[in-house]
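One structure below.
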Amino acid sequence: MLSRVLETISRYNMLPPGARVIVAVSGGADSVCLLHVLKELFPDSVSGVAHFNHKWRAEASDEDEHFVAQMTHPLPFFRAEGASARGNKEQNARQDRLAFFKSLNSIVALGHTRDDQAETVLFRFLRGSGLAGLSGIAPTSSGIIRPLLEVTRVEVEQFLRARNIPWREDSSNADPSFARNRIRHDLLPQLARDWNPKITDALANLADLAHEEESYWNTEIDRLVGQPLVAAAASQAAELRVDALTQLPRAAARRLIRRAISLAKGNLRQIDFHHVEAVLNLRRRVHLPGLTVTRSFDWIRFAASDPAPPAPLPITPPGKFPSPDGQTQICVDFAHIDAAAGVANACDTLKLEACQICSPLELRGWRPGDHYRPQGQSRDQKIQEMFQKARVPSWRRASWPILTCGDKILWARQFGVAEDLSAGGHDTVLRIREVSVP
């Protein structure tokens with residue numbers, strides 16, 4: 001068993017030279033075994049023990065904590081507690097534990113075994129998970145390592161008995177109200193009895209295959225798609241070009257969608273196969289768990305909520321001012337007509353005659369009904385119509401940069417300066433440029 005643990009640690013580089021690790025110990029056989037295995041293999045690397053008391057079993061939970069604390073000496077002991085009553089009890093307990101482990105600012109080792117892996121894969125398969133979900137429990141993730149993933153629960157108990165090491169039995173592990181317990185005690189034994197005696201190995205091997213596939217695709221997807229996926233600066237959102245999906249094989253397109261969801265949502269919890277398929281077949285809008293996906297012209301937007309309309313910003317030139325969409329800065333200054341013309345040729349600078357500016361300027365987003373006559377055009381036009389012609393996605397419009405003077409629109413991104421205010425024979429002009437945010 002020890003050799004397989006060493007192989008797992010080496011394969012996934014779980015403990016680089018000089019690394020220190022805190023072992024999460026609940027008091028059960030798996031975590032107790034993990035603590036003793038790591039102390040035996042890496043005595044100088046184990047720097048402490050962590051325990052989360054969920055308070056589920058009253059005095060029994062406190063006795064578990066006392067048992068772990070006694071076992072920990074002389075290592076530092078880190079503990080936290082919390083009894084989550086909200087939503088899914090099991091899922092929220094897991095999130096509470098992970099938040100505690102993250103707060104330790106250290107590598108944290110968990111005692112998940114090959115049996116846990118098989119149970120996870122079967123649970124996710126029954127729920128309708130895709131390939132990423134079938135990769136099961138990751139060997140490493142965000143500072144968490146799981147050195148016992150190639151070790152069975154039977155081997156764990158054999159290890160402890162051979163060394164006369166005690167552990168605690170958690171009565172909640174037999175509670176049938178938890179789906180995982182029903183899988184562990186009812187479904188898996190039935191499958192092993194009636195279908196495949198090595199069902200645990202089959203499921204764990206499937207997880208390993210899926211994990212390697214996903215690891216490969218996570219590095220390959222960026223090379224395949226180039227840069228069609230961008231994060232929106234003003235909100236927790238991501239935008240994806242439609243042609244990036246249509247030009248890719250369906251397998252790669254699915255992974256690109258999952259990447260976009262993860263970027264916007266922060267995770268892939270509750271995202272299943274049919275959610276990804278809904279985005280692939282998207283016409284206009286679909287609601288996913290914790291996320292809304294919208295298609296408009298050539299883009300798809302993934303966001304937790306619709307962007308809020310930006311507040312108008314009074315400006316006094318010269319200066320650099322934040323664009324309403326947060327993507328750029330709008331530079332507004334005065335320049336000589338000849339100098340401004342030179343800059344215009346180089347970087348598409350727009351010019352206005354300063355002498356025609358008669359009231360305070362305001363930088364704001366688009367509003368329904370906005371209209372003006374852009375330079376070079378023969379008539380006044382609604383900006384809404386210009387958006388349609390330019391194929392500007394619907395969610396970008398409310399924060400589209402527009403410069404006004406009172407009720408008059410002087411300039412709008414992409415559509416340019418107002419025709420009646422374009423620089424003519426005057427030497428001094430008002431120069432407008434968009435520059436990247438430093």
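Residues in the structure tokens are named by chain (A, B, ... in the order shown) and by number from 1 within that chain; ligands are numbered from 1 in the order shown.
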Using only C-alpha atoms, determine which residues lie at most 12 Å from segment 385-392 of chain A, disregarding the query and same-chain residues fewer than 5 positions distant; provide the list as a list of chain:residue names.
A:Arg295, A:Ser296, A:Phe297, A:Asp298, A:Trp299, A:Ile300, A:Trp366, A:Pro368, A:Gly369, A:Asp370, A:His371, A:Tyr372, A:Arg373, A:Pro374, A:Gln377, A:Asp380, A:Arg397, A:Ala398, A:Ser399, A:Trp400, A:Ala412, A:Arg413, A:Gln414, A:Phe415, A:Gly416
Hey, can you spit out that residue selection with C-alpha atoms as a compact mmCIF listing (two decimals), in the first residue's frame?
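Now in selection34.txt:
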# COMPACT_ATOMS: atom_id res chain seq x y z
CA ARG A 295 -26.94 35.15 -27.81
CA SER A 296 -26.93 38.36 -29.84
CA PHE A 297 -25.56 38.55 -33.39
CA ASP A 298 -22.01 37.11 -33.42
CA TRP A 299 -21.56 36.72 -29.66
CA ILE A 300 -22.77 34.65 -26.71
CA TRP A 366 -26.67 54.69 -24.68
CA PRO A 368 -33.35 54.35 -25.92
CA GLY A 369 -34.26 57.13 -28.33
CA ASP A 370 -30.70 58.46 -28.70
CA HIS A 371 -30.09 59.84 -32.20
CA TYR A 372 -27.72 62.15 -34.07
CA ARG A 373 -26.16 62.69 -37.51
CA PRO A 374 -22.69 61.09 -37.67
CA GLN A 377 -23.96 60.88 -43.14
CA ASP A 380 -30.08 62.02 -38.53
CA ARG A 397 -25.46 48.85 -25.72
CA ALA A 398 -26.40 50.29 -22.32
CA SER A 399 -22.72 50.95 -21.57
CA TRP A 400 -21.76 52.07 -25.09
CA ALA A 412 -20.24 57.84 -30.01
CA ARG A 413 -17.86 54.92 -30.13
CA GLN A 414 -17.45 53.44 -33.63
CA PHE A 415 -20.06 55.81 -35.12
CA GLY A 416 -17.93 58.93 -34.77
If we count only C-alpha atoms and set the cut-off at 6 Å, which residues sit around Val108 of chain A, ignoring sequence neighbours fewer than 6 positions away in its own chain? Please answer as a PDB file with C-alpha atoms, in the first residue's frame.
ATOM      1  CA  VAL A  21       1.238  19.587   4.479  1.00  0.00           C
ATOM      2  CA  ILE A  22      -1.630  19.721   6.965  1.00  0.00           C
ATOM      3  CA  VAL A  23      -3.619  16.490   7.182  1.00  0.00           C
ATOM      4  CA  ILE A 144      -5.845  19.968  -1.842  1.00  0.00           C
TER       5      ILE A 144
END
Which of segment 242-341 of chain A fall in strand (DSSP E), as a ChimeraX atom specification:
/A:285-288,291-296,299-303,313-315,319-322,328-336
Report as a list of chain:residue names all protein, DNA and RNA residues lying within 8 Å of Leu206 of chain A, evaluated on only C-alpha atoms, omitting residues in the same chain fewer than 4 positions from it.
A:Leu134, A:Ser135, A:Ala202, A:Ala210
Keeping only N, CA and C atoms, write those residues as an mmCIF file, in the first residue's frame.
data_model
loop_
_atom_site.group_PDB
_atom_site.id
_atom_site.type_symbol
_atom_site.label_atom_id
_atom_site.label_comp_id
_atom_site.auth_asym_id
_atom_site.auth_seq_id
_atom_site.Cartn_x
_atom_site.Cartn_y
_atom_site.Cartn_z
ATOM 1 N N LEU A 134 -17.403 12.669 -14.774
ATOM 2 C CA LEU A 134 -17.000 11.278 -14.591
ATOM 3 C C LEU A 134 -15.521 11.144 -14.244
ATOM 4 N N SER A 135 -14.771 12.250 -14.314
ATOM 5 C CA SER A 135 -13.380 12.203 -13.865
ATOM 6 C C SER A 135 -13.298 12.105 -12.348
ATOM 7 N N ALA A 202 -13.606 -0.832 -11.907
ATOM 8 C CA ALA A 202 -14.071 -0.346 -13.207
ATOM 9 C C ALA A 202 -14.416 1.136 -13.148
ATOM 10 N N ALA A 210 -11.018 9.480 -17.568
ATOM 11 C CA ALA A 210 -11.694 10.757 -17.809
ATOM 12 C C ALA A 210 -10.840 11.923 -17.313
#
Hey, can you check how far atom CA of Ile9 of chain A sits from atom CA of His36 of chain A?
15.2 Å
Measure the distance from atom CA of Asp96 of chain A to atom CA of Gly82 of chain A in Å and round it to one decimal.
7.7 Å
Shell of 10 Å around segment 282-286 of chain A, only C-alpha atoms, local chain residues under 4 positions omitted, as a ChimeraX atom specification:
/A:275-278,291-297,300-302
So that I have them on file, write out the residues from the current selection with C-alpha atoms, as a short mmCIF file (atom, residue, chain, number, x, y, z; two decimals), in the first residue's frame.
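Below you can see result_32.cif, which holds the result:
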data_model
loop_
_atom_site.label_atom_id
_atom_site.label_comp_id
_atom_site.auth_asym_id
_atom_site.auth_seq_id
_atom_site.Cartn_x
_atom_site.Cartn_y
_atom_site.Cartn_z
CA HIS A 275 -26.96 22.50 -19.93
CA VAL A 276 -24.01 22.46 -22.31
CA GLU A 277 -26.20 21.11 -25.11
CA ALA A 278 -28.69 23.93 -24.52
CA LEU A 291 -26.06 31.79 -14.85
CA THR A 292 -27.89 33.30 -17.84
CA VAL A 293 -26.58 32.72 -21.35
CA THR A 294 -27.62 35.17 -24.07
CA ARG A 295 -26.94 35.15 -27.81
CA SER A 296 -26.93 38.36 -29.84
CA PHE A 297 -25.56 38.55 -33.39
CA ILE A 300 -22.77 34.65 -26.71
CA ARG A 301 -22.66 36.12 -23.21
CA PHE A 302 -22.38 34.08 -20.01
#
Distance table requested - segment 57-138 of chain A against segment 154-177 of chain A, cut-off 10 Å, only C-alpha atoms: one row per qualifying residue with the closest atom pair and its distance in Å to one decimal, ordered by chain and rising residue number, as a Markdown table.
| residue | atom | partner | partner_atom | distance |
| --- | --- | --- | --- | --- |
| A:Arg57 | CA | A:Ser172 | CA | 8.0 |
| A:Ala60 | CA | A:Asp170 | CA | 8.5 |
| A:Ser61 | CA | A:Asp170 | CA | 8.6 |
| A:Glu63 | CA | A:Arg168 | CA | 9.3 |
| A:Asp64 | CA | A:Arg168 | CA | 6.9 |
| A:Phe67 | CA | A:Arg168 | CA | 8.1 |
| A:Val68 | CA | A:Trp167 | CA | 9.1 |
| A:Met71 | CA | A:Pro166 | CA | 9.9 |
| A:Gly111 | CA | A:Val156 | CA | 10.0 |
| A:Thr113 | CA | A:Val156 | CA | 8.6 |
| A:Asp115 | CA | A:Val154 | CA | 9.2 |
